[in-house]
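Undergrad: Just so it is clear, I am handing over final-v2.json, which has JSON, C-alpha atoms.
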```json
[["chain", "number", "residue", "atom", "x", "y", "z"],
["C", 19, "MET", "CA", -190.61, 29.18, -204.55],
["C", 20, "LYS", "CA", -191.69, 32.24, -206.49],
["C", 21, "LEU", "CA", -189.84, 32.83, -209.74],
["C", 22, "ASP", "CA", -188.40, 36.18, -208.55],
["C", 23, "ALA", "CA", -186.89, 34.52, -205.48],
["C", 24, "GLU", "CA", -185.59, 31.65, -207.60],
["C", 25, "ILE", "CA", -183.93, 34.07, -210.02],
["C", 26, "GLU", "CA", -182.27, 35.88, -207.12],
["C", 27, "GLN", "CA", -181.05, 32.59, -205.63],
["C", 28, "ILE", "CA", -179.57, 31.38, -208.95],
["C", 29, "ALA", "CA", -177.93, 34.77, -209.57],
["C", 30, "THR", "CA", -176.37, 34.63, -206.10],
["C", 31, "GLU", "CA", -175.05, 31.09, -206.71],
["C", 32, "LEU", "CA", -173.75, 32.20, -210.11],
["C", 33, "GLY", "CA", -171.85, 35.06, -208.51],
["C", 34, "LEU", "CA", -170.21, 32.72, -206.05],
["C", 35, "ALA", "CA", -169.24, 30.24, -208.78],
["C", 36, "LEU", "CA", -167.81, 32.99, -211.00],
["C", 37, "SER", "CA", -165.90, 34.52, -208.08],
["C", 38, "GLN", "CA", -164.38, 31.15, -207.19],
["C", 39, "ARG", "CA", -163.06, 30.84, -210.76],
["C", 40, "GLY", "CA", -162.06, 34.46, -211.09],
["C", 41, "TRP", "CA", -164.25, 34.74, -214.20],
["C", 42, "LEU", "CA", -166.36, 37.57, -215.54],
["C", 43, "ALA", "CA", -169.68, 37.00, -217.31],
["C", 44, "ALA", "CA", -171.32, 38.85, -220.21],
["C", 45, "THR", "CA", -174.86, 38.75, -221.55],
["C", 46, "ALA", "CA", -176.18, 39.17, -225.09],
["C", 47, "GLU", "CA", -179.92, 39.72, -224.86],
["C", 48, "SER", "CA", -182.72, 40.34, -227.27],
["C", 49, "CYS", "CA", -186.21, 39.39, -226.00],
["C", 50, "THR", "CA", -185.22, 39.78, -222.34],
["C", 51, "GLY", "CA", -184.11, 43.37, -222.92],
["C", 52, "GLY", "CA", -181.37, 43.36, -220.30],
["C", 53, "GLY", "CA", -183.30, 41.31, -217.74],
["C", 54, "VAL", "CA", -180.45, 38.84, -217.23],
["C", 55, "ALA", "CA", -177.94, 41.65, -216.68],
["C", 56, "THR", "CA", -180.40, 43.24, -214.23],
["C", 57, "ALA", "CA", -180.78, 39.98, -212.29],
["C", 58, "ILE", "CA", -177.01, 39.63, -212.10],
["C", 59, "THR", "CA", -176.34, 43.23, -211.06],
["C", 60, "ASP", "CA", -179.10, 43.10, -208.44],
["C", 61, "ILE", "CA", -176.64, 40.98, -206.44],
["C", 62, "ALA", "CA", -174.24, 42.98, -204.27],
["C", 63, "GLY", "CA", -170.64, 42.52, -205.36],
["C", 64, "SER", "CA", -171.55, 41.71, -208.97],
["C", 65, "SER", "CA", -168.95, 44.20, -210.22],
["C", 66, "GLY", "CA", -166.43, 41.53, -209.26],
["C", 67, "TRP", "CA", -167.86, 38.97, -211.69],
["C", 68, "PHE", "CA", -169.99, 40.75, -214.29],
["C", 69, "ASP", "CA", -168.33, 42.55, -217.20],
["C", 70, "ARG", "CA", -171.13, 43.82, -219.44],
["C", 71, "GLY", "CA", -174.45, 43.23, -221.09],
["C", 72, "PHE", "CA", -175.35, 43.73, -224.72],
["C", 73, "VAL", "CA", -179.01, 44.45, -225.45],
["C", 74, "THR", "CA", -179.27, 43.76, -229.16],
["C", 75, "TYR", "CA", -182.94, 44.05, -229.96],
["C", 76, "THR", "CA", -182.60, 44.66, -233.70],
["C", 77, "ASN", "CA", -180.78, 42.57, -236.27],
["C", 78, "GLU", "CA", -178.54, 45.57, -236.97],
["C", 79, "ALA", "CA", -177.54, 45.72, -233.30],
["C", 80, "LYS", "CA", -176.74, 42.00, -233.32],
["C", 81, "GLN", "CA", -174.46, 42.56, -236.31],
["C", 82, "GLN", "CA", -172.83, 45.79, -235.09],
["C", 83, "MET", "CA", -172.30, 44.92, -231.42],
["C", 84, "LEU", "CA", -171.76, 41.15, -231.55],
["C", 85, "GLY", "CA", -170.60, 40.41, -235.10],
["C", 86, "VAL", "CA", -173.60, 38.22, -235.99],
["C", 87, "SER", "CA", -173.51, 37.57, -239.72],
["C", 88, "GLY", "CA", -176.21, 38.96, -241.98],
["C", 89, "GLU", "CA", -176.23, 35.60, -243.72],
["C", 90, "SER", "CA", -177.21, 33.78, -240.51],
["C", 91, "LEU", "CA", -179.95, 36.29, -239.81],
["C", 92, "ALA", "CA", -181.32, 36.05, -243.36],
["C", 93, "GLN", "CA", -181.10, 32.26, -243.54],
["C", 94, "HIS", "CA", -182.26, 31.31, -240.04],
["C", 95, "GLY", "CA", -183.90, 34.40, -238.54],
["C", 96, "ALA", "CA", -183.00, 36.16, -235.30],
["C", 97, "VAL", "CA", -184.77, 33.50, -233.22],
["C", 98, "SER", "CA", -182.53, 30.57, -234.13],
["C", 99, "GLU", "CA", -179.76, 28.38, -232.81],
["C", 100, "ALA", "CA", -177.27, 29.72, -235.36],
["C", 101, "VAL", "CA", -177.85, 33.32, -234.31],
["C", 102, "VAL", "CA", -177.72, 32.78, -230.53],
["C", 103, "LEU", "CA", -174.49, 30.80, -230.86],
["C", 104, "GLU", "CA", -172.98, 33.72, -232.80],
["C", 105, "MET", "CA", -174.33, 36.14, -230.20],
["C", 106, "ALA", "CA", -172.75, 34.16, -227.32],
["C", 107, "ARG", "CA", -169.40, 33.97, -229.09],
["C", 108, "GLY", "CA", -169.65, 37.64, -230.02],
["C", 109, "ALA", "CA", -170.25, 38.61, -226.40],
["C", 110, "LEU", "CA", -167.02, 36.84, -225.46],
["C", 111, "ALA", "CA", -165.10, 38.41, -228.33],
["C", 112, "HIS", "CA", -166.31, 41.93, -227.51],
["C", 113, "SER", "CA", -165.77, 41.80, -223.75],
["C", 114, "SER", "CA", -163.38, 40.71, -221.02],
["C", 115, "ALA", "CA", -165.76, 37.91, -220.03],
["C", 116, "ALA", "CA", -164.83, 34.25, -219.78],
["C", 117, "ILE", "CA", -168.43, 33.04, -220.05],
["C", 118, "SER", "CA", -171.52, 34.36, -221.80],
["C", 119, "VAL", "CA", -175.19, 33.74, -222.41],
["C", 120, "ALA", "CA", -177.24, 34.80, -225.42],
["C", 121, "ILE", "CA", -181.02, 34.91, -225.72],
["C", 122, "SER", "CA", -183.33, 35.56, -228.66],
["C", 123, "GLY", "CA", -187.01, 34.79, -228.69],
["C", 124, "ILE", "CA", -190.60, 35.83, -229.13],
["C", 125, "ALA", "CA", -192.02, 37.20, -225.88],
["C", 126, "GLY", "CA", -195.30, 38.30, -227.47],
["C", 127, "PRO", "CA", -198.00, 39.13, -227.74],
["C", 128, "GLY", "CA", -197.07, 39.72, -231.41],
["C", 129, "GLY", "CA", -194.18, 38.52, -233.54],
["C", 130, "ALA", "CA", -195.12, 34.87, -233.78],
["C", 131, "THR", "CA", -194.92, 32.91, -237.01],
["C", 132, "GLU", "CA", -196.33, 29.54, -237.96],
["C", 133, "ASP", "CA", -193.19, 27.70, -236.83],
["C", 134, "LYS", "CA", -192.16, 30.10, -234.02],
["C", 135, "ARG", "CA", -195.02, 30.74, -231.62],
["C", 136, "VAL", "CA", -195.03, 33.23, -228.76],
["C", 137, "GLY", "CA", -192.85, 31.80, -225.99],
["C", 138, "THR", "CA", -190.24, 30.35, -228.37],
["C", 139, "VAL", "CA", -186.81, 31.27, -227.01],
["C", 140, "TRP", "CA", -183.34, 30.16, -228.12],
["C", 141, "PHE", "CA", -180.44, 30.23, -225.67],
["C", 142, "ALA", "CA", -176.70, 29.74, -226.12],
["C", 143, "TRP", "CA", -173.92, 29.68, -223.57],
["C", 144, "ALA", "CA", -170.20, 29.83, -224.37],
["C", 145, "ASP", "CA", -166.98, 30.02, -222.41],
["C", 146, "CYS", "CA", -163.34, 30.88, -222.97],
["C", 147, "ASN", "CA", -162.41, 27.19, -223.19],
["C", 148, "GLY", "CA", -164.45, 26.77, -226.36],
["C", 149, "ARG", "CA", -167.33, 24.97, -224.68],
["C", 150, "HIS", "CA", -170.79, 25.95, -225.82],
["C", 151, "HIS", "CA", -174.34, 24.74, -225.41],
["C", 152, "SER", "CA", -177.64, 25.76, -226.96],
["C", 153, "LEU", "CA", -181.24, 25.16, -225.98],
["C", 154, "LEU", "CA", -184.65, 25.76, -227.50],
["C", 155, "ALA", "CA", -187.37, 26.49, -224.94],
["C", 156, "ARG", "CA", -191.08, 27.07, -225.34],
["C", 157, "PHE", "CA", -192.50, 29.02, -222.42],
["C", 158, "ASP", "CA", -196.15, 29.63, -221.59],
["C", 159, "GLY", "CA", -197.65, 32.83, -220.27],
["C", 160, "ASP", "CA", -197.84, 36.49, -221.12],
["C", 161, "ARG", "CA", -194.94, 38.69, -222.22],
["C", 162, "ARG", "CA", -193.71, 39.33, -218.66],
["C", 163, "GLN", "CA", -193.91, 35.64, -217.73],
["C", 164, "VAL", "CA", -192.06, 34.51, -220.88],
["C", 165, "ARG", "CA", -189.29, 37.04, -220.25],
["C", 166, "GLN", "CA", -189.01, 36.08, -216.57],
["C", 167, "GLN", "CA", -188.79, 32.37, -217.39],
["C", 168, "ALA", "CA", -186.13, 33.17, -220.00],
["C", 169, "VAL", "CA", -184.06, 35.10, -217.44],
["C", 170, "ARG", "CA", -184.25, 32.12, -215.07],
["C", 171, "GLN", "CA", -183.19, 29.69, -217.80],
["C", 172, "ALA", "CA", -180.31, 31.93, -218.90],
["C", 173, "LEU", "CA", -178.91, 32.14, -215.37],
["C", 174, "ALA", "CA", -179.37, 28.42, -214.72],
["C", 175, "GLY", "CA", -177.53, 27.63, -217.96],
["C", 176, "LEU", "CA", -174.59, 29.82, -216.99],
["C", 177, "LEU", "CA", -174.40, 28.07, -213.63],
["C", 178, "ALA", "CA", -174.60, 24.65, -215.30],
["C", 179, "LEU", "CA", -171.76, 25.48, -217.72],
["C", 180, "LEU", "CA", -169.59, 26.55, -214.76],
["C", 181, "ARG", "CA", -170.18, 23.26, -212.89]]
```
Would you give me this structure, written as structure tokens?

TA:
Amino acid sequence: MKLDAEIEQIATELGLALSQRGWLAATAESCTGGGVATAITDIAGSSGWFDRGFVTYTNEAKQQMLGVSGESLAQHGAVSEAVVLEMARGALAHSSAAISVAISGIAGPGGATEDKRVGTVWFAWADCNGRHHSLLARFDGDRRQVRQQAVRQALAGLLALLR
């Protein structure tokens, strides 16, 4: 199955699962630039289960819109477990959503460091019951491919947290 079709299928399943629970979702995205919110809102009826998306590309945006601490950013960097967990919790705190996903990574071609190569992406998922999960992924491919794989992983993680 092509990745686009897989993303659409997961987003459709996510919508059904959220609708069954009566939950809204929110996204907090950096390297995907709103790609997860786009995948969700491509599904008809998504207004019934999607609240909002935060595209927080800069550190300042992460702090202003999601309440990420400057200390976490300085100590760990934007592409870190600490920061995506704060982003996911911030998306819940600043929305009506019951579940959220946060993504921060290096899509390339630039931006890599010695310990964080292109394709390094951190994810975090959180829900209103206090459950949370984080994941470090290392994707291969060009910028578009890394972002597309990250969108797929973000949606699959939301679905997994609901199940």

Undergrad: Under the rule that all atoms listed in the file are counted, which of C:Asn77, C:Gln163, C:Ser152, C:Thr138 is the nearest residue to Val119 of chain C?

TA: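 Of all the options, C:Ser152 lies closest to Val119 of chain C.
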
Undergrad: Between atom CA of Thr30 of chain C and atom CA of Thr50 of chain C, what distance in Å does the model show, to one decimal?

TA: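 Separation between atom CA of Thr30 of chain C and atom CA of Thr50 of chain C: 19.2 Å.
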
Undergrad: Measuring between all atoms listed in the file, which one of C:Ser118, C:Gln82, C:Thr76, C:Ser65 shows the shortest distance to Ala44 of chain C?

TA: C:Ser118

Undergrad: Each side padded by 6 Å, which centre and which edge lengths in Å (one decimal) define the axis-aligned box around the listed atoms of segment 62-78 of chain C? Give them as lines of an AutoDock Vina configuration file.

TA:
```
center_x = -174.7
center_y = 42.3
center_z = -220.6
size_x = 28.5
size_y = 18.6
size_z = 44.7
```

Undergrad: Give me the residues near Gly129 of chain C as a list in words, where near means some atom within 12 Å (using all atoms listed in the file) and where sequence neighbours in that chain fewer than 5 positions away do not count.

TA: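 Listing them by chain and then by number gives Cys49, Ala96, Val97, Gly123, Ile124, Lys134, Arg135, Val136, Gly137, Thr138 and Arg161 of chain C.
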
Undergrad: With only C-alpha atoms as the counted atoms, please give the residues lying no more than 7 Å from Asp145 of chain C, apart from itself and same-chain residues fewer than 5 positions off, as a short mmCIF file (atom, residue, chain, number, x, y, z; two decimals) with C-alpha atoms, in the frame of the given file.

TA:
```cif
data_model
loop_
_atom_site.label_atom_id
_atom_site.label_comp_id
_atom_site.auth_asym_id
_atom_site.auth_seq_id
_atom_site.Cartn_x
_atom_site.Cartn_y
_atom_site.Cartn_z
CA ALA C 116 -164.83 34.25 -219.78
CA ILE C 117 -168.43 33.04 -220.05
CA SER C 118 -171.52 34.36 -221.80
CA HIS C 150 -170.79 25.95 -225.82
#
```

Undergrad: Quote the spacing between atom CA of Gly148 of chain C and atom CA of Gln27 of chain C in Å to one decimal place.

TA: 27.2 Å

Undergrad: Give the answer as one residue: which of C:Leu42, C:Val139, C:Ala57, C:Val73 has the shortest atom-to-atom distance to Glu99 of chain C, using all atoms listed in the file?

TA: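 So, comparing all the options, the nearest one is C:Val139.
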
Undergrad: Interatomic distance between atom CA of Arg170 of chain C and atom CA of Ile25 of chain C?

TA: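 Going from atom CA of Arg170 of chain C over to atom CA of Ile25 of chain C, I get 5.4 Å.
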